[in-house]
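**Student:** Let me begin by handing over the structure; questions about it come next.
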Amino acid sequence: MSSISIIGLGNMAGALAGRALAAGNAVEIIGRDPAKAGKLAAALGGATAGTVGTVPAGDIVVLAVPYAAASAVVKEYGDALRGKVIIDITNPVSPDLKGLVTPDGSSAAEEIAEAAPADAHVVKAFNTLFSHVLAAGPADGRPLDVFIAGDDAEAKARVSAFIESLGLRPLDTGQLSMARTLEHVGLLAIGLVTHSFKHTDFSFGVSMLG
């Protein structure tokens with residue numbers, strides 16, 4: 001099992017924390033509103049509430065904050081994130097939901113990696129899943145697929161083990177630069193919600209043939 005710190009108090013933070021606790025992982029909830037963080041930790045049962053800016057207890061730190069704040073949060077923590085595996089779940093989508101706001105040739109994950117300490121390792125994951133779909137878990141008897149990308153093999157292995165503990169299937173897509181593609185998949189999901197399905201009760205996955 002893994003030791004997880006989740007920075008953020010939104011729907012994805014709650015969904016990830018709930019599944020992680022159910023799987024036997026140690027979970028720390030960190031948010032700028034200590035009362036809200038404590039309330040969420042208590043509601044989840046078994047989670048602890050951490051303190052903003054101090055060294056997160058978890059070996060894996062999930063960055064569950066909006067893209068616009070992500071790099072600033074990482075810089076604020078600074079050396080407190082040394083040696084940590086950082087999971088970036090953000091989707092850098094424009095306010096009109098029609099594109100991404102990251103510079104050409106980059107991604108949110110790569111920007112976060114630049115802001116993080118040199119010995120921290122960023123892995124992109126979970127950005128293609130809606131929070132309620134993640135919370136519900138396996139659908140139709142098969143695990144949900146979680147696409148990951150990162151430059152460090154050991155970090156990806158640790159994140160993959162965490163994902164598997166949640167009853168989900170990790171699929172390695174390659175180097176951290178592949179986060180650019182995964183973030184476009186997040187945008188694709190929003191486009192489908194807006195123009196086709198009109199709901200978020202779906203997920204992306206891979207079906208093996210033969």
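Following the order of the structure tokens, first chain is A, next is B, and so on, with residues numbered from 1 inside each chain and ligands from 1 in the order they appear.
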With segment 13-16 of chain A as the partner and 12 Å as the cut-off, tabulate the residues of segment 69-153 of chain A that qualify, each row holding the nearest pair of atoms and their distance in Å to one decimal, using only C-alpha atoms, sorted by chain and rising number, as a Markdown table.
**Tutor:**
| residue | atom | partner | partner_atom | distance |
| --- | --- | --- | --- | --- |
| A:Ile87 | CA | A:Leu16 | CA | 11.6 |
| A:Asp88 | CA | A:Ala13 | CA | 11.8 |
| A:Ile89 | CA | A:Ala13 | CA | 9.8 |
| A:Thr90 | CA | A:Ala13 | CA | 11.5 |
| A:Ala125 | CA | A:Leu16 | CA | 11.6 |
| A:Phe126 | CA | A:Leu16 | CA | 9.2 |
| A:Asn127 | CA | A:Leu16 | CA | 11.8 |
| A:Leu129 | CA | A:Ala15 | CA | 10.6 |
| A:Phe130 | CA | A:Ala15 | CA | 9.4 |
| A:Ser131 | CA | A:Ala15 | CA | 5.9 |
| A:His132 | CA | A:Ala15 | CA | 7.0 |
| A:Val133 | CA | A:Ala15 | CA | 8.8 |
| A:Leu134 | CA | A:Ala15 | CA | 6.4 |
| A:Ala135 | CA | A:Ala15 | CA | 4.8 |
| A:Ala136 | CA | A:Ala15 | CA | 8.6 |
| A:Gly137 | CA | A:Ala15 | CA | 9.8 |
**Student:** Report as a list in words all protein, DNA and RNA residues lying within 10 Å of Gly31 of chain A, evaluated on only C-alpha atoms, omitting residues in the same chain fewer than 5 positions from it.
**Tutor:**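 After dropping sequence-adjacent residues, the list is Ile6, Ile7, Gly8, Leu9, Gly10, Lys36, Ala37, Gly38, Leu40, Ala49, Gly50, Thr51, Val52, Gly53, Ala64 and Val65 of chain A.
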**Student:** Return the single residue from A:Glu183, A:Asp104, A:Asp151, A:Asp59 that is closest to Ile4 of chain A, with distances computed using only C-alpha atoms.
**Tutor:**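 Among the listed residues, A:Asp59 lies closest to Ile4 of chain A.
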**Student:** Could you check how far atom CA of Ala22 of chain A sits from atom CA of Ala57 of chain A, in Å to one decimal?
**Tutor:**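 Atom CA of Ala57 of chain A lies 18.6 Å from atom CA of Ala22 of chain A.
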**Student:** Rounded to one decimal, what separation in Å do you get between atom CA of Arg169 of chain A and atom CA of Ala155 of chain A?
**Tutor:**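 Separation between atom CA of Arg169 of chain A and atom CA of Ala155 of chain A: 16.2 Å.
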**Student:** Go through chain A and collect every residue that DSSP, computed from the backbone, puts in strand (DSSP E); the answer should be as a VMD selection string.
**Tutor:** chain A and resid 3 to 7 26 to 30 48 to 49 60 to 63 85 to 88 121 to 124 145 to 150 169 to 172
**Student:** Could you write those residues out with N, CA and C atoms, as an mmCIF file, in the first residue's frame?
**Tutor:**
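Just written: out28.cif:
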data_model
loop_
_atom_site.group_PDB
_atom_site.id
_atom_site.type_symbol
_atom_site.label_atom_id
_atom_site.label_comp_id
_atom_site.auth_asym_id
_atom_site.auth_seq_id
_atom_site.Cartn_x
_atom_site.Cartn_y
_atom_site.Cartn_z
ATOM 1 N N SER A 3 1.470 5.604 0.724
ATOM 2 C CA SER A 3 1.189 6.740 1.595
ATOM 3 C C SER A 3 0.955 7.949 0.699
ATOM 4 N N ILE A 4 -0.248 8.512 0.762
ATOM 5 C CA ILE A 4 -0.690 9.529 -0.195
ATOM 6 C C ILE A 4 -1.028 10.833 0.510
ATOM 7 N N SER A 5 -0.519 11.929 -0.002
ATOM 8 C CA SER A 5 -0.957 13.263 0.423
ATOM 9 C C SER A 5 -1.674 13.912 -0.748
ATOM 10 N N ILE A 6 -2.852 14.441 -0.493
ATOM 11 C CA ILE A 6 -3.640 15.083 -1.544
ATOM 12 C C ILE A 6 -3.756 16.562 -1.221
ATOM 13 N N ILE A 7 -3.207 17.396 -2.103
ATOM 14 C CA ILE A 7 -3.302 18.848 -1.936
ATOM 15 C C ILE A 7 -4.508 19.318 -2.734
ATOM 16 N N ALA A 26 -2.686 4.913 3.203
ATOM 17 C CA ALA A 26 -2.685 6.015 4.165
ATOM 18 C C ALA A 26 -2.906 7.318 3.404
ATOM 19 N N VAL A 27 -3.837 8.151 3.870
ATOM 20 C CA VAL A 27 -4.211 9.362 3.130
ATOM 21 C C VAL A 27 -4.163 10.587 4.028
ATOM 22 N N GLU A 28 -3.501 11.623 3.524
ATOM 23 C CA GLU A 28 -3.450 12.927 4.176
ATOM 24 C C GLU A 28 -4.134 13.942 3.264
ATOM 25 N N ILE A 29 -5.026 14.751 3.829
ATOM 26 C CA ILE A 29 -5.730 15.798 3.086
ATOM 27 C C ILE A 29 -5.144 17.150 3.471
ATOM 28 N N ILE A 30 -4.766 17.945 2.475
ATOM 29 C CA ILE A 30 -4.170 19.254 2.733
ATOM 30 C C ILE A 30 -4.939 20.316 1.951
ATOM 31 N N THR A 48 -6.123 11.797 7.517
ATOM 32 C CA THR A 48 -5.640 12.832 8.417
ATOM 33 C C THR A 48 -5.611 14.162 7.677
ATOM 34 N N ALA A 49 -5.611 15.248 8.416
ATOM 35 C CA ALA A 49 -5.527 16.582 7.825
ATOM 36 C C ALA A 49 -4.128 17.130 8.027
ATOM 37 N N ILE A 60 3.760 9.832 -2.108
ATOM 38 C CA ILE A 60 3.127 10.298 -3.344
ATOM 39 C C ILE A 60 2.251 11.489 -3.007
ATOM 40 N N VAL A 61 2.436 12.585 -3.725
ATOM 41 C CA VAL A 61 1.662 13.807 -3.503
ATOM 42 C C VAL A 61 0.785 14.052 -4.724
ATOM 43 N N VAL A 62 -0.524 14.062 -4.508
ATOM 44 C CA VAL A 62 -1.469 14.318 -5.595
ATOM 45 C C VAL A 62 -1.789 15.802 -5.624
ATOM 46 N N LEU A 63 -1.513 16.432 -6.750
ATOM 47 C CA LEU A 63 -1.783 17.861 -6.906
ATOM 48 C C LEU A 63 -3.189 18.015 -7.485
ATOM 49 N N VAL A 85 7.059 11.824 -5.287
ATOM 50 C CA VAL A 85 6.414 11.596 -6.577
ATOM 51 C C VAL A 85 5.175 12.472 -6.600
ATOM 52 N N ILE A 86 5.086 13.345 -7.585
ATOM 53 C CA ILE A 86 3.965 14.285 -7.682
ATOM 54 C C ILE A 86 3.048 13.847 -8.822
ATOM 55 N N ILE A 87 1.798 13.576 -8.504
ATOM 56 C CA ILE A 87 0.821 13.241 -9.530
ATOM 57 C C ILE A 87 0.065 14.509 -9.921
ATOM 58 N N ASP A 88 0.157 14.865 -11.189
ATOM 59 C CA ASP A 88 -0.568 16.025 -11.725
ATOM 60 C C ASP A 88 -1.849 15.530 -12.385
ATOM 61 N N HIS A 121 9.630 13.864 -8.858
ATOM 62 C CA HIS A 121 9.285 13.296 -10.164
ATOM 63 C C HIS A 121 7.787 13.449 -10.416
ATOM 64 N N VAL A 122 7.446 14.118 -11.512
ATOM 65 C CA VAL A 122 6.045 14.378 -11.848
ATOM 66 C C VAL A 122 5.522 13.280 -12.768
ATOM 67 N N VAL A 123 4.335 12.785 -12.448
ATOM 68 C CA VAL A 123 3.643 11.812 -13.281
ATOM 69 C C VAL A 123 2.242 12.353 -13.572
ATOM 70 N N LYS A 124 1.891 12.403 -14.837
ATOM 71 C CA LYS A 124 0.531 12.798 -15.227
ATOM 72 C C LYS A 124 -0.385 11.592 -15.066
ATOM 73 N N ASP A 145 -9.594 2.549 -16.950
ATOM 74 C CA ASP A 145 -8.217 2.769 -17.384
ATOM 75 C C ASP A 145 -7.732 4.144 -16.929
ATOM 76 N N VAL A 146 -6.528 4.183 -16.413
ATOM 77 C CA VAL A 146 -5.881 5.433 -16.007
ATOM 78 C C VAL A 146 -4.612 5.586 -16.827
ATOM 79 N N PHE A 147 -4.579 6.573 -17.708
ATOM 80 C CA PHE A 147 -3.408 6.815 -18.549
ATOM 81 C C PHE A 147 -2.384 7.624 -17.761
ATOM 82 N N ILE A 148 -1.125 7.202 -17.840
ATOM 83 C CA ILE A 148 -0.076 7.910 -17.114
ATOM 84 C C ILE A 148 1.059 8.268 -18.061
ATOM 85 N N ALA A 149 1.807 9.307 -17.685
ATOM 86 C CA ALA A 149 2.996 9.712 -18.445
ATOM 87 C C ALA A 149 4.016 10.270 -17.469
ATOM 88 N N GLY A 150 5.284 9.979 -17.709
ATOM 89 C CA GLY A 150 6.328 10.491 -16.834
ATOM 90 C C GLY A 150 7.703 10.104 -17.339
ATOM 91 N N ARG A 169 -6.830 0.222 -13.815
ATOM 92 C CA ARG A 169 -5.748 -0.290 -14.661
ATOM 93 C C ARG A 169 -4.867 0.848 -15.164
ATOM 94 N N PRO A 170 -3.604 0.892 -14.753
ATOM 95 C CA PRO A 170 -2.693 1.924 -15.266
ATOM 96 C C PRO A 170 -2.200 1.567 -16.660
ATOM 97 N N LEU A 171 -2.173 2.539 -17.555
ATOM 98 C CA LEU A 171 -1.651 2.347 -18.903
ATOM 99 C C LEU A 171 -0.585 3.406 -19.152
ATOM 100 N N ASP A 172 0.656 2.962 -19.271
ATOM 101 C CA ASP A 172 1.798 3.860 -19.466
ATOM 102 C C ASP A 172 1.818 4.340 -20.913
#
**Student:** From the options A:Gly99, A:Gly58, A:Ala69, A:Leu176, which residue's atoms come nearest to Ala113 of chain A, counting only C-alpha atoms?
**Tutor:** A:Leu176
**Student:** Pick out the closest residue to Gly45 of chain A from this set: A:Tyr77, A:Ala120, A:Arg19, A:Tyr67. Count only C-alpha atoms.
**Tutor:** A:Arg19
**Student:** State, in Å with one decimal place, the distance from atom CA of Arg158 of chain A to atom CA of Asn25 of chain A.
**Tutor:**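 We find that atom CA of Arg158 of chain A and atom CA of Asn25 of chain A lie 12.8 Å from each other.
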**Student:** Taking only C-alpha atoms into account, which of A:Asp201, A:Met1, A:Leu168, A:Pro66 comes nearest Ser94 of chain A?
**Tutor:**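 Of the candidates, the smallest distance to Ser94 of chain A is held by A:Pro66.
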**Student:** Might you pull out every residue within 7 Å of Leu166 of chain A, with only C-alpha atoms counted and same-chain residues fewer than 2 positions away left off, and present them as a list of chain:residue names?
**Tutor:**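 The residues satisfying every condition are A:Arg19, A:Ala20, A:Ala23, A:Phe162, A:Ile163, A:Glu164, A:Leu168.
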